[in-house]
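Undergrad: For reference, this is input-v1.cif, and it has mmCIF, C-alpha atoms.
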```cif
data_target
loop_
_atom_site.label_atom_id
_atom_site.label_comp_id
_atom_site.auth_asym_id
_atom_site.auth_seq_id
_atom_site.Cartn_x
_atom_site.Cartn_y
_atom_site.Cartn_z
CA MET A 1 -26.77 -34.79 -24.82
CA SER A 2 -27.72 -37.25 -22.08
CA SER A 3 -30.36 -36.37 -19.47
CA THR A 4 -27.61 -36.28 -16.82
CA ALA A 5 -25.51 -33.87 -18.89
CA GLN A 6 -28.57 -31.69 -19.51
CA ARG A 7 -29.25 -31.58 -15.78
CA PHE A 8 -25.64 -30.52 -15.07
CA THR A 9 -25.95 -27.80 -17.71
CA GLN A 10 -29.18 -26.55 -16.14
CA LEU A 11 -27.64 -26.55 -12.68
CA ALA A 12 -24.54 -24.69 -13.90
CA SER A 13 -26.77 -22.12 -15.61
CA ALA A 14 -28.80 -21.64 -12.44
CA VAL A 15 -25.68 -21.25 -10.31
CA THR A 16 -24.01 -18.72 -12.61
CA GLY A 17 -27.27 -16.89 -13.19
CA GLY A 18 -27.61 -16.62 -9.43
CA ALA A 19 -24.06 -15.31 -9.12
CA ARG A 20 -24.68 -12.60 -11.72
CA ALA A 21 -27.94 -11.62 -10.04
CA LYS A 22 -26.15 -11.46 -6.70
CA VAL A 23 -23.44 -9.20 -8.12
CA ILE A 24 -26.00 -6.89 -9.72
CA ALA A 25 -28.22 -6.70 -6.61
CA LYS A 26 -28.16 -3.37 -4.74
CA HIS A 27 -27.51 -2.95 -1.02
CA ASP A 28 -26.94 0.18 1.05
CA ASP A 29 -23.48 -0.98 2.12
CA ASP A 30 -22.27 -1.45 -1.48
CA VAL A 31 -19.24 0.49 -2.70
CA VAL A 32 -20.57 2.55 -5.59
CA ILE A 33 -18.95 4.76 -8.21
CA VAL A 34 -20.26 8.30 -8.33
CA SER A 35 -17.96 9.66 -11.03
CA ALA A 36 -15.06 8.35 -13.14
CA LEU A 37 -13.08 10.73 -15.33
CA ARG A 38 -9.69 11.00 -16.97
CA THR A 39 -7.48 13.37 -18.84
CA ALA A 40 -6.57 12.67 -22.41
CA ILE A 41 -3.63 10.31 -22.80
CA THR A 42 -0.77 11.90 -24.69
CA LYS A 43 2.56 10.78 -26.07
CA ALA A 44 5.45 11.12 -23.64
CA ARG A 45 8.04 13.73 -24.71
CA LYS A 46 6.00 14.60 -27.80
CA GLY A 47 2.34 15.01 -26.90
CA GLY A 48 0.08 17.55 -25.32
CA PHE A 49 1.26 16.98 -21.73
CA LYS A 50 5.00 16.83 -22.43
CA ASP A 51 5.52 20.12 -20.58
CA THR A 52 2.98 19.47 -17.82
CA TYR A 53 3.94 18.22 -14.36
CA PRO A 54 2.12 15.10 -13.12
CA GLU A 55 0.68 16.95 -10.12
CA GLU A 56 -1.02 19.38 -12.52
CA MET A 57 -2.72 16.55 -14.42
CA LEU A 58 -3.69 14.93 -11.14
CA SER A 59 -5.06 18.16 -9.67
CA ALA A 60 -7.21 18.72 -12.75
CA VAL A 61 -8.82 15.29 -12.66
CA LEU A 62 -9.30 15.28 -8.87
CA ARG A 63 -11.13 18.60 -9.06
CA ALA A 64 -13.24 17.43 -11.99
CA VAL A 65 -14.31 14.15 -10.42
CA TYR A 66 -15.96 15.79 -7.40
CA THR A 67 -17.15 19.07 -8.96
CA SER A 68 -18.85 17.15 -11.80
CA VAL A 69 -21.32 15.79 -9.23
CA SER A 70 -21.38 18.91 -7.01
CA LEU A 71 -19.89 17.08 -4.04
CA ASP A 72 -18.75 19.16 -1.07
CA PRO A 73 -14.99 18.35 -0.97
CA THR A 74 -14.98 18.42 2.82
CA LEU A 75 -16.82 15.07 2.63
CA ILE A 76 -13.90 13.38 0.85
CA GLU A 77 -12.12 11.44 3.57
CA ASP A 78 -9.25 9.77 1.72
CA VAL A 79 -7.51 10.11 -1.64
CA VAL A 80 -5.32 7.26 -2.88
CA VAL A 81 -3.13 7.84 -5.92
CA GLY A 82 -1.41 5.20 -8.01
CA ASN A 83 1.96 6.43 -9.25
CA VAL A 84 4.85 4.28 -10.46
CA LEU A 85 7.52 6.85 -11.29
CA PRO A 86 7.02 9.50 -8.60
CA PRO A 87 9.44 12.40 -8.35
CA GLY A 88 10.68 12.92 -4.80
CA GLY A 89 8.90 9.86 -3.43
CA GLY A 90 5.47 10.80 -4.75
CA ALA A 91 3.44 11.34 -1.60
CA SER A 92 4.12 15.08 -1.34
CA ALA A 93 3.23 15.70 -5.00
CA ALA A 94 -0.05 13.83 -4.60
CA ARG A 95 -0.86 15.77 -1.42
CA MET A 96 -0.09 19.06 -3.14
CA ALA A 97 -2.25 18.11 -6.11
CA SER A 98 -5.14 17.25 -3.80
CA LEU A 99 -4.88 20.58 -1.99
CA HIS A 100 -4.56 22.47 -5.28
CA ALA A 101 -7.71 20.68 -6.50
CA GLY A 102 -9.69 22.28 -3.65
CA ILE A 103 -9.81 19.21 -1.43
CA PRO A 104 -9.26 20.45 2.15
CA ASN A 105 -6.31 19.54 4.33
CA SER A 106 -8.66 17.48 6.51
CA SER A 107 -8.77 14.87 3.72
CA ALA A 108 -5.94 12.35 3.82
CA VAL A 109 -3.76 11.28 0.88
CA ASN A 110 -1.38 8.45 0.12
CA THR A 111 0.28 7.03 -2.97
CA VAL A 112 0.53 3.38 -3.95
CA ASN A 113 2.81 1.59 -6.38
CA ARG A 114 1.95 -1.84 -7.68
CA GLN A 115 3.43 -1.08 -11.06
CA CYS A 116 0.89 -1.16 -13.91
CA SER A 117 -2.02 -1.94 -11.56
CA SER A 118 -1.40 1.09 -9.33
CA GLY A 119 -4.56 2.93 -10.39
CA LEU A 120 -6.70 -0.14 -9.75
CA THR A 121 -4.87 -0.78 -6.48
CA ALA A 122 -5.80 2.77 -5.41
CA ILE A 123 -9.46 2.12 -6.22
CA ASN A 124 -9.31 -1.18 -4.35
CA GLN A 125 -7.81 0.46 -1.26
CA VAL A 126 -10.53 3.10 -1.11
CA ALA A 127 -13.22 0.45 -1.68
CA LEU A 128 -11.86 -1.66 1.17
CA GLU A 129 -11.79 1.38 3.47
CA ILE A 130 -15.46 1.96 2.68
CA LEU A 131 -16.37 -1.71 3.14
CA SER A 132 -14.61 -1.85 6.50
CA GLY A 133 -16.41 1.25 7.75
CA GLN A 134 -13.30 3.43 7.99
CA ILE A 135 -14.63 6.03 5.51
CA ASP A 136 -17.79 6.79 3.54
CA ILE A 137 -16.36 8.68 0.56
CA GLY A 138 -12.96 8.55 -1.13
CA ILE A 139 -11.15 8.88 -4.44
CA GLY A 140 -9.03 6.21 -6.12
CA ALA A 141 -6.83 7.83 -8.75
CA GLY A 142 -3.74 7.32 -10.86
CA VAL A 143 -1.24 9.53 -12.61
CA GLU A 144 1.92 9.16 -14.63
CA SER A 145 4.19 11.49 -16.52
CA MET A 146 6.44 9.14 -18.41
CA THR A 147 7.94 12.27 -19.92
CA VAL A 148 9.27 13.18 -16.49
CA GLY A 149 9.94 9.83 -14.83
CA TYR A 150 10.50 7.12 -17.43
CA GLY A 151 13.87 5.78 -18.56
CA SER A 152 17.31 5.30 -17.04
CA ARG A 153 16.67 7.82 -14.26
CA ALA A 154 14.03 5.42 -12.86
CA LEU A 155 16.63 2.69 -12.31
CA ALA A 156 18.47 2.22 -9.02
CA PRO A 157 21.40 0.02 -7.89
CA THR A 158 20.35 -3.44 -6.66
CA SER A 159 21.95 -5.76 -4.13
CA GLU A 160 24.15 -8.43 -5.72
CA LYS A 161 23.20 -10.75 -2.85
CA VAL A 162 19.51 -10.43 -3.71
CA LEU A 163 20.25 -10.83 -7.42
CA SER A 164 21.83 -14.21 -6.72
CA ASN A 165 18.25 -15.50 -6.56
CA GLN A 166 17.26 -16.16 -10.18
CA GLU A 167 13.64 -15.04 -9.89
CA ALA A 168 14.74 -11.89 -8.10
CA ALA A 169 17.13 -11.20 -10.97
CA ASP A 170 14.33 -11.89 -13.45
CA CYS A 171 12.45 -8.91 -12.00
CA LEU A 172 15.01 -6.70 -13.77
CA ILE A 173 14.44 -8.24 -17.21
CA PRO A 174 13.37 -5.42 -19.58
CA MET A 175 9.64 -5.50 -20.17
CA GLY A 176 10.14 -5.97 -23.89
CA ILE A 177 12.15 -9.12 -23.28
CA THR A 178 9.41 -10.49 -21.04
CA SER A 179 7.10 -9.97 -24.01
CA GLU A 180 9.48 -11.94 -26.21
CA ASN A 181 9.56 -14.67 -23.57
CA VAL A 182 5.76 -14.94 -23.61
CA ALA A 183 5.69 -15.02 -27.40
CA ALA A 184 8.34 -17.74 -27.52
CA ASP A 185 7.03 -19.87 -24.64
CA TYR A 186 3.43 -19.85 -25.87
CA LYS A 187 4.07 -19.60 -29.62
CA ILE A 188 2.30 -16.27 -30.21
CA SER A 189 3.39 -15.43 -33.76
CA ARG A 190 4.38 -11.99 -35.04
CA ASP A 191 1.44 -12.14 -37.47
CA VAL A 192 -1.07 -12.78 -34.65
CA GLN A 193 0.43 -10.00 -32.54
CA ASP A 194 0.33 -7.51 -35.42
CA ASP A 195 -3.26 -8.44 -36.24
CA PHE A 196 -4.29 -7.85 -32.62
CA ALA A 197 -2.41 -4.52 -32.47
CA ALA A 198 -3.89 -3.29 -35.75
CA LYS A 199 -7.39 -4.03 -34.48
CA SER A 200 -6.66 -2.07 -31.30
CA PHE A 201 -5.74 0.96 -33.40
CA GLN A 202 -8.73 0.48 -35.67
CA LYS A 203 -11.20 0.21 -32.79
CA ALA A 204 -9.72 3.24 -31.03
CA ALA A 205 -9.72 5.36 -34.19
CA LYS A 206 -13.34 4.45 -34.88
CA ALA A 207 -14.32 5.22 -31.27
CA GLN A 208 -12.51 8.55 -31.31
CA LYS A 209 -14.20 9.60 -34.57
CA ALA A 210 -17.57 8.67 -33.08
CA GLY A 211 -16.88 10.74 -29.94
CA ALA A 212 -16.95 7.68 -27.71
CA PHE A 213 -14.24 9.02 -25.39
CA LYS A 214 -15.63 12.54 -24.94
CA SER A 215 -17.74 11.87 -21.85
CA GLU A 216 -14.81 10.37 -19.92
CA ILE A 217 -12.15 12.97 -20.85
CA ILE A 218 -11.86 16.35 -19.13
CA PRO A 219 -10.28 19.21 -21.10
CA VAL A 220 -7.09 20.47 -19.44
CA LYS A 221 -5.24 23.73 -20.09
CA ALA A 222 -1.57 22.92 -20.53
CA LYS A 223 1.67 24.72 -21.26
CA TRP A 224 3.25 23.51 -24.49
CA ILE A 225 6.68 24.45 -25.80
CA ASP A 226 7.26 24.19 -29.53
CA PRO A 227 10.32 21.93 -29.94
CA GLN A 228 11.45 23.83 -33.06
CA THR A 229 10.97 27.46 -32.05
CA GLU A 230 10.90 27.00 -28.24
CA ALA A 231 7.90 29.31 -28.24
CA GLU A 232 5.60 28.68 -25.28
CA LYS A 233 1.83 28.68 -25.60
CA GLU A 234 -1.24 27.48 -23.75
CA ILE A 235 -3.25 24.69 -25.34
CA ILE A 236 -6.36 22.70 -24.44
CA VAL A 237 -5.65 18.98 -24.23
CA ASP A 238 -8.91 17.12 -24.70
CA ALA A 239 -8.19 14.17 -26.99
CA ASP A 240 -5.87 11.15 -26.93
CA ASP A 241 -3.03 11.94 -29.33
CA GLY A 242 -1.47 8.47 -29.66
CA ILE A 243 -4.33 7.00 -31.70
CA ARG A 244 -3.36 6.48 -35.34
CA ASP A 245 -5.94 5.98 -38.06
CA GLY A 246 -5.25 3.66 -40.98
CA VAL A 247 -3.02 1.17 -39.15
CA THR A 248 -3.14 -2.32 -40.63
CA LYS A 249 -1.50 -5.64 -39.94
CA GLU A 250 0.45 -5.11 -43.16
CA SER A 251 1.75 -1.69 -42.14
CA LEU A 252 2.85 -3.04 -38.76
CA ALA A 253 4.65 -5.92 -40.46
CA LYS A 254 7.15 -3.40 -41.86
CA LEU A 255 8.41 -2.38 -38.40
CA LYS A 256 11.64 -3.82 -37.03
CA PRO A 257 11.71 -5.74 -33.75
CA ALA A 258 12.64 -3.44 -30.86
CA PHE A 259 14.18 -5.78 -28.30
CA SER A 260 15.70 -8.70 -30.22
CA LYS A 261 16.78 -9.01 -33.85
CA THR A 262 14.85 -12.26 -34.10
CA GLY A 263 11.97 -11.09 -31.92
CA SER A 264 8.38 -10.13 -32.66
CA THR A 265 7.75 -7.20 -30.30
CA HIS A 266 8.06 -3.71 -31.79
CA ALA A 267 6.83 -0.15 -31.36
CA GLY A 268 3.53 -0.90 -33.10
CA ASN A 269 2.43 -3.92 -31.07
CA ALA A 270 3.50 -2.67 -27.63
CA SER A 271 1.82 -0.10 -25.39
CA GLN A 272 2.80 3.51 -25.93
CA VAL A 273 4.88 5.48 -23.43
CA SER A 274 2.40 8.11 -22.28
CA ASP A 275 1.29 10.84 -19.89
CA GLY A 276 -2.13 11.04 -18.22
CA ALA A 277 -4.29 10.91 -15.08
CA ALA A 278 -7.62 9.43 -14.04
CA ALA A 279 -9.81 9.43 -10.93
CA VAL A 280 -12.75 7.41 -9.61
CA LEU A 281 -15.00 8.83 -6.87
CA LEU A 282 -16.36 6.06 -4.63
CA ALA A 283 -18.91 6.11 -1.82
CA ARG A 284 -21.06 3.88 0.34
CA ARG A 285 -24.37 3.46 -1.48
CA GLY A 286 -26.46 4.54 1.48
CA VAL A 287 -24.40 7.72 1.83
CA ALA A 288 -24.52 8.45 -1.90
CA LYS A 289 -28.31 8.09 -1.85
CA ARG A 290 -28.66 10.34 1.19
CA LEU A 291 -26.54 13.04 -0.47
CA GLY A 292 -28.40 12.74 -3.77
CA LEU A 293 -25.24 11.78 -5.66
CA PRO A 294 -25.55 10.00 -9.00
CA ILE A 295 -24.62 6.30 -8.93
CA ILE A 296 -23.09 5.10 -12.19
CA GLY A 297 -21.56 1.82 -11.11
CA LYS A 298 -20.52 -0.53 -8.37
CA PHE A 299 -17.16 -1.97 -7.32
CA VAL A 300 -17.63 -5.67 -6.57
CA THR A 301 -14.20 -7.06 -5.70
CA ALA A 302 -10.61 -7.39 -6.91
CA ALA A 303 -7.86 -10.00 -6.85
CA VAL A 304 -4.08 -10.09 -7.29
CA VAL A 305 -1.86 -13.04 -8.16
CA GLY A 306 1.84 -13.65 -8.64
CA VAL A 307 3.36 -15.20 -11.79
CA PRO A 308 6.96 -15.88 -12.90
CA PRO A 309 8.74 -12.53 -13.41
CA ARG A 310 10.31 -13.62 -16.74
CA ILE A 311 6.81 -13.90 -18.26
CA MET A 312 5.14 -11.21 -16.19
CA GLY A 313 2.66 -10.48 -19.01
CA VAL A 314 0.62 -13.61 -18.34
CA GLY A 315 -0.81 -12.04 -15.16
CA PRO A 316 -4.38 -11.46 -16.46
CA ALA A 317 -4.68 -15.13 -17.44
CA TYR A 318 -4.47 -16.03 -13.75
CA ALA A 319 -5.90 -12.93 -12.04
CA ILE A 320 -9.19 -13.04 -13.94
CA PRO A 321 -10.07 -16.62 -12.87
CA ARG A 322 -9.17 -15.69 -9.29
CA VAL A 323 -11.56 -12.74 -9.17
CA LEU A 324 -14.32 -14.67 -10.93
CA LYS A 325 -13.97 -17.50 -8.40
CA GLN A 326 -14.40 -14.96 -5.59
CA THR A 327 -17.73 -13.87 -7.05
CA GLY A 328 -18.96 -17.19 -8.42
CA LEU A 329 -19.17 -15.67 -11.88
CA GLN A 330 -18.30 -17.46 -15.12
CA LEU A 331 -16.63 -15.91 -18.16
CA SER A 332 -20.01 -15.98 -19.90
CA ASP A 333 -21.47 -13.72 -17.18
CA ILE A 334 -19.11 -10.90 -18.14
CA ASP A 335 -20.39 -8.53 -20.81
CA PHE A 336 -16.97 -7.19 -21.75
CA PHE A 337 -13.38 -7.01 -20.56
CA GLU A 338 -10.82 -4.22 -20.36
CA ILE A 339 -7.48 -6.05 -20.45
CA ASN A 340 -4.42 -3.83 -20.56
CA GLU A 341 -2.38 -4.21 -23.71
CA ALA A 342 1.10 -3.88 -22.30
CA PHE A 343 2.18 -5.99 -25.28
CA ALA A 344 0.17 -7.78 -27.93
CA SER A 345 1.95 -11.02 -27.03
CA GLN A 346 0.73 -11.11 -23.45
CA ALA A 347 -2.74 -9.77 -24.19
CA VAL A 348 -3.28 -12.40 -26.89
CA PHE A 349 -1.98 -15.17 -24.64
CA SER A 350 -4.27 -14.15 -21.77
CA ILE A 351 -7.34 -13.94 -24.01
CA GLN A 352 -6.61 -17.26 -25.73
CA HIS A 353 -5.70 -19.04 -22.49
CA LEU A 354 -9.02 -18.09 -20.92
CA GLY A 355 -11.07 -18.64 -24.07
CA ILE A 356 -12.52 -15.13 -24.09
CA PRO A 357 -14.03 -14.10 -27.44
CA PHE A 358 -11.79 -11.37 -28.85
CA GLU A 359 -14.82 -9.22 -29.65
CA LYS A 360 -15.56 -8.92 -25.91
CA VAL A 361 -12.12 -7.45 -25.13
CA ASN A 362 -11.24 -3.73 -25.28
CA PRO A 363 -14.20 -2.73 -27.47
CA ASN A 364 -12.75 0.75 -28.02
CA GLY A 365 -9.12 -0.31 -28.28
CA GLY A 366 -6.50 -0.58 -25.57
CA ALA A 367 -3.09 0.63 -24.50
CA ILE A 368 -1.41 -0.21 -27.80
CA ALA A 369 -3.55 2.49 -29.42
CA LEU A 370 -4.37 4.75 -26.47
CA GLY A 371 -1.14 4.60 -24.45
CA HIS A 372 -0.22 3.28 -21.02
CA PRO A 373 0.66 5.92 -18.39
CA LEU A 374 1.68 3.33 -15.82
CA GLY A 375 0.05 4.57 -12.61
CA CYS A 376 -2.98 5.93 -14.44
CA THR A 377 -4.08 2.90 -16.46
CA GLY A 378 -5.96 1.02 -13.73
CA ALA A 379 -8.19 4.03 -13.07
CA ARG A 380 -8.39 4.97 -16.76
CA GLN A 381 -9.78 1.53 -17.63
CA VAL A 382 -12.68 2.04 -15.22
CA ALA A 383 -13.59 5.43 -16.71
CA THR A 384 -13.40 3.99 -20.22
CA ALA A 385 -15.38 0.87 -19.29
CA LEU A 386 -18.18 2.81 -17.61
CA ALA A 387 -18.52 5.11 -20.63
CA HIS A 388 -18.69 2.09 -22.93
CA ALA A 389 -21.18 0.32 -20.66
CA LYS A 390 -23.47 3.33 -20.81
CA ALA A 391 -23.28 3.45 -24.59
CA SER A 392 -23.61 -0.30 -25.15
CA GLY A 393 -25.93 -1.33 -22.35
CA GLY A 394 -23.30 -3.64 -20.87
CA LYS A 395 -23.78 -4.44 -17.21
CA VAL A 396 -20.99 -6.55 -15.68
CA PHE A 397 -17.40 -5.95 -16.74
CA VAL A 398 -13.90 -6.94 -15.68
CA THR A 399 -10.72 -4.87 -15.80
CA SER A 400 -7.32 -6.53 -15.65
CA MET A 401 -3.63 -6.00 -16.30
CA CYS A 402 -0.24 -7.65 -16.02
CA ILE A 403 2.21 -6.16 -13.55
CA GLY A 404 5.95 -5.66 -13.90
CA SER A 405 8.05 -8.08 -11.78
CA GLY A 406 5.48 -10.83 -12.26
CA MET A 407 1.90 -10.28 -11.06
CA GLY A 408 -1.61 -9.80 -12.35
CA MET A 409 -4.66 -7.96 -11.04
CA ALA A 410 -8.33 -8.05 -11.98
CA ALA A 411 -11.54 -6.51 -10.68
CA VAL A 412 -15.26 -6.91 -11.25
CA PHE A 413 -17.54 -3.91 -11.67
CA VAL A 414 -21.22 -3.37 -12.43
CA SER A 415 -22.58 -0.51 -14.50
CA GLU A 416 -25.77 1.08 -13.11
CA GLN A 417 -26.39 3.59 -15.90
#
```
Take the structure in this file and express it as structure tokens.
TA:
Amino acid sequence: MSSTAQRFTQLASAVTGGARAKVIAKHDDDVVIVSALRTAITKARKGGFKDTYPEEMLSAVLRAVYTSVSLDPTLIEDVVVGNVLPPGGGASAARMASLHAGIPNSSAVNTVNRQCSSGLTAINQVALEILSGQIDIGIGAGVESMTVGYGSRALAPTSEKVLSNQEAADCLIPMGITSENVAADYKISRDVQDDFAAKSFQKAAKAQKAGAFKSEIIPVKAKWIDPQTEAEKEIIVDADDGIRDGVTKESLAKLKPAFSKTGSTHAGNASQVSDGAAAVLLARRGVAKRLGLPIIGKFVTAAVVGVPPRIMGVGPAYAIPRVLKQTGLQLSDIDFFEINEAFASQAVFSIQHLGIPFEKVNPNGGAIALGHPLGCTGARQVATALAHAKASGGKVFVTSMCIGSGMGMAAVFVSEQ
């Protein structure tokens, strides 16, 4: 290497090292995370929450996130809930869940829907409210019962005039076909997709056996009706029930394509249809310190981008560079990534496109193994990432996901555990 090249390398290292140090530095006006918890994620229509309303899951996790740190709920100023398939418009159910969770009527509530990033969008909204001085303490949460809301009942008539625009029409392409489009456009083979999916299952099964998810999951009492006998009983849901042990690339190769006879996307290399909720309690650092609240992490910033709707899954490949540019960070500054596995095709493309080492992505598995309750995932990723950061010693991490209709979102966080 020439002396000039060495000098450039040294300068780049100094700049990125400075950016990482800047992100990690602590200031009283930082937005910090006090608690991040989730319910278990269960199979829609089959799993532990199949007979549980979304507002019940949400109420449970809202109550847990503030009682776990002994916070007076009257100090919670705003609650923002990501929810993609809300019954009756969503806002009333979220408000009712908040009240049922013991949060007083003086605390405000709203729901947000940016598809699969809704939970992260909720966190981002609360963080921006804190940064702007509007509030000091708030909760960013997400919930989805795909048992209740997913399927044909979620579809609505669309204007033919609007559909005359091709990209507008592309927003209605089934998600599975967008996965096939990504696989075809970027030559992501079935074998590569199945290998990625199998590793997601393997990592999640190993993590579950080791108890890696226990600290982030709250046990929830739930009604459960036996589908054979119709007998009703109360159960405790405290573990993800979509994780399958023993999955291999070879076992996945036996599955038939789900969306096209000649396609490569199937039930084993796509995210599971799931039920679940998660919540992240955020505060201004100075306020958290004054109240004696634990500080487990810091929200740094987030970014959203648009991409072509027909290949919506490529969103993380463009959202992650955007958020890193905002912070001055390089890929090498990030200790690990939580990238939502809507489909193996799009996750693999995003990772390969950015040149991220696969071993730094979803260390305990992702949505292919765990499930993807749409509005919940963005908040769930933060709870999972903070638990992993504590166990592994990781410091700076990024969460990201693709978004139906053609977008991507990413955020940078710091663990302070």
Undergrad: Would you please work out which residue, of A:Glu359, A:Asp245, A:Glu416, A:Asp170, is nearest to A:Val307 when using all atoms listed in the file?
TA: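 Closest to A:Val307 of all the choices is A:Asp170.
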Undergrad: Measuring atom to atom with all atoms listed in the file, identify which of A:Ala231, A:Ile236, A:Leu252, A:Met146 is nearest to A:Val273.
TA: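 Once distances to A:Val273 are computed over all atoms listed in the file, the minimum belongs to A:Met146.
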Undergrad: Find the distance between atom CA of A:Val81 and atom CA of A:Ala94 and write it in Å to one decimal.
TA: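 A separation of 6.9 Å between them.
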Undergrad: Counting only C-alpha atoms, which residue out of A:Lys325, A:Lys221, A:His388, A:Lys161 sits closest to A:Asp238?
TA: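 Using only C-alpha atoms, A:Asp238 sits closest to A:Lys221.
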Undergrad: Taking the file above as input, evaluate the PyMOL selection byres ((chain A and resi 260) around 12) and report the hits as a PyMOL selection string.
TA: chain A and resi 174+176-181+184+256-259+261-266
Undergrad: Determine the residue membership of the PyMOL selection byres ((chain A and resi 306) around 6) for the file above and supply it as a PyMOL selection string.
TA: chain A and resi 305+307+406-407
Undergrad: Assuming the chain letters and numbering stay as they are in my file, what does the PyMOL selection byres ((chain A and resi 321) around 12) actually select? List them as an MDAnalysis selection string.
TA: chainID A and resid 302:305 315:320 322:331 334 350:351 353:356 398 400 408:412
Undergrad: Could you list, as a ChimeraX atom specification, every residue within 9 Å of A:Leu293, counting all atoms listed in the file and ignoring same-chain residues fewer than 4 positions away?
TA: /A:34,69-71,287-289
Undergrad: Pick out the residues sitting within 9 Å of stretch 49-53 of chain A, and hand them over as a list in words; count only C-alpha atoms, and ignore anything fewer than 2 positions along from it in its own chain.
TA: Ala40, Ile41, Thr42, Lys43, Ala44, Arg45, Lys46, Gly47, Glu55, Glu56, Met57, Leu58, Ser145, Met146, Thr147, Val148, Ala222, Lys223, Trp224, Ile225, Val237, Ser274, Asp275 and Gly276 of chain A
Undergrad: Determine, counting all atoms listed in the file, which protein, DNA and RNA residues have an atom within 9 Å of an atom of A:Val348; residues of the same chain fewer than 3 positions away are not included. Present the result as a list in words.
TA: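 Here the qualifying residues turn out to be Ile188, Val192, Gln193, Phe196, Glu341, Phe343, Ala344, Ser345, Ile351, Gln352, His353 and Phe358 of chain A.
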Undergrad: At a cut-off of 10 Å, using only C-alpha atoms, what residues contact A:Met96? Leave out same-chain residues fewer than 3 positions from it and give the result as a short mmCIF file (atom, residue, chain, number, x, y, z; two decimals) with C-alpha atoms, in the coordinates of the input.
TA:
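result-v5.cif, freshly written:
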```
data_model
loop_
_atom_site.label_atom_id
_atom_site.label_comp_id
_atom_site.auth_asym_id
_atom_site.auth_seq_id
_atom_site.Cartn_x
_atom_site.Cartn_y
_atom_site.Cartn_z
CA GLU A 55 0.68 16.95 -10.12
CA GLU A 56 -1.02 19.38 -12.52
CA LEU A 58 -3.69 14.93 -11.14
CA SER A 59 -5.06 18.16 -9.67
CA ALA A 91 3.44 11.34 -1.60
CA SER A 92 4.12 15.08 -1.34
CA ALA A 93 3.23 15.70 -5.00
CA LEU A 99 -4.88 20.58 -1.99
CA HIS A 100 -4.56 22.47 -5.28
CA ALA A 101 -7.71 20.68 -6.50
CA ILE A 103 -9.81 19.21 -1.43
CA ASN A 105 -6.31 19.54 4.33
CA VAL A 109 -3.76 11.28 0.88
#
```
Undergrad: Hey, can you check how far atom CA of A:Ile403 sits from atom CA of A:Ser118?
TA: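 Going from atom CA of A:Ile403 over to atom CA of A:Ser118, I get 9.1 Å.
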Undergrad: So, with only C-alpha atoms as the atoms that count, which of A:Arg190, A:Lys233, A:Lys26, A:Arg244 lies closest to A:Gln202?
TA: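 For A:Gln202, the nearest of the given residues is A:Arg244.
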Undergrad: Just give me the residues with any atom within 12 Å of (-13.1, 4.3, -17.5), file coordinates, counting all atoms listed in the file, written as a VMD selection string.
TA: chain A and resid 33 35 to 40 119 to 120 141 to 142 212 to 217 277 to 281 296 to 297 337 to 338 362 364 366 376 to 390 397 to 399 413 415
Undergrad: Can you work out the spacing between atom CA of A:Ser132 and atom CA of A:Val79 in Å, to one decimal?
TA: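 Atom CA of A:Val79 lies 16.1 Å from atom CA of A:Ser132.
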Undergrad: For A:Ala253, which residue among A:Gly371, A:Asp240, A:Asp191, A:Val300 is the nearest when counting only C-alpha atoms?
TA: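 Selected residue with least distance to A:Ala253: A:Asp191.
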Undergrad: Choose the residue, out of A:Ile123, A:Ala197, A:Ala391, A:Val112, that has the smallest atom-to-atom separation from A:Asn83; count all atoms listed in the file.
TA: A:Val112
Undergrad: What's the 7 Å shell around A:Val32, counting only C-alpha atoms, without same-chain residues fewer than 3 positions away, as a PyMOL selection string?
TA: chain A and resi 282-285+295+297-299
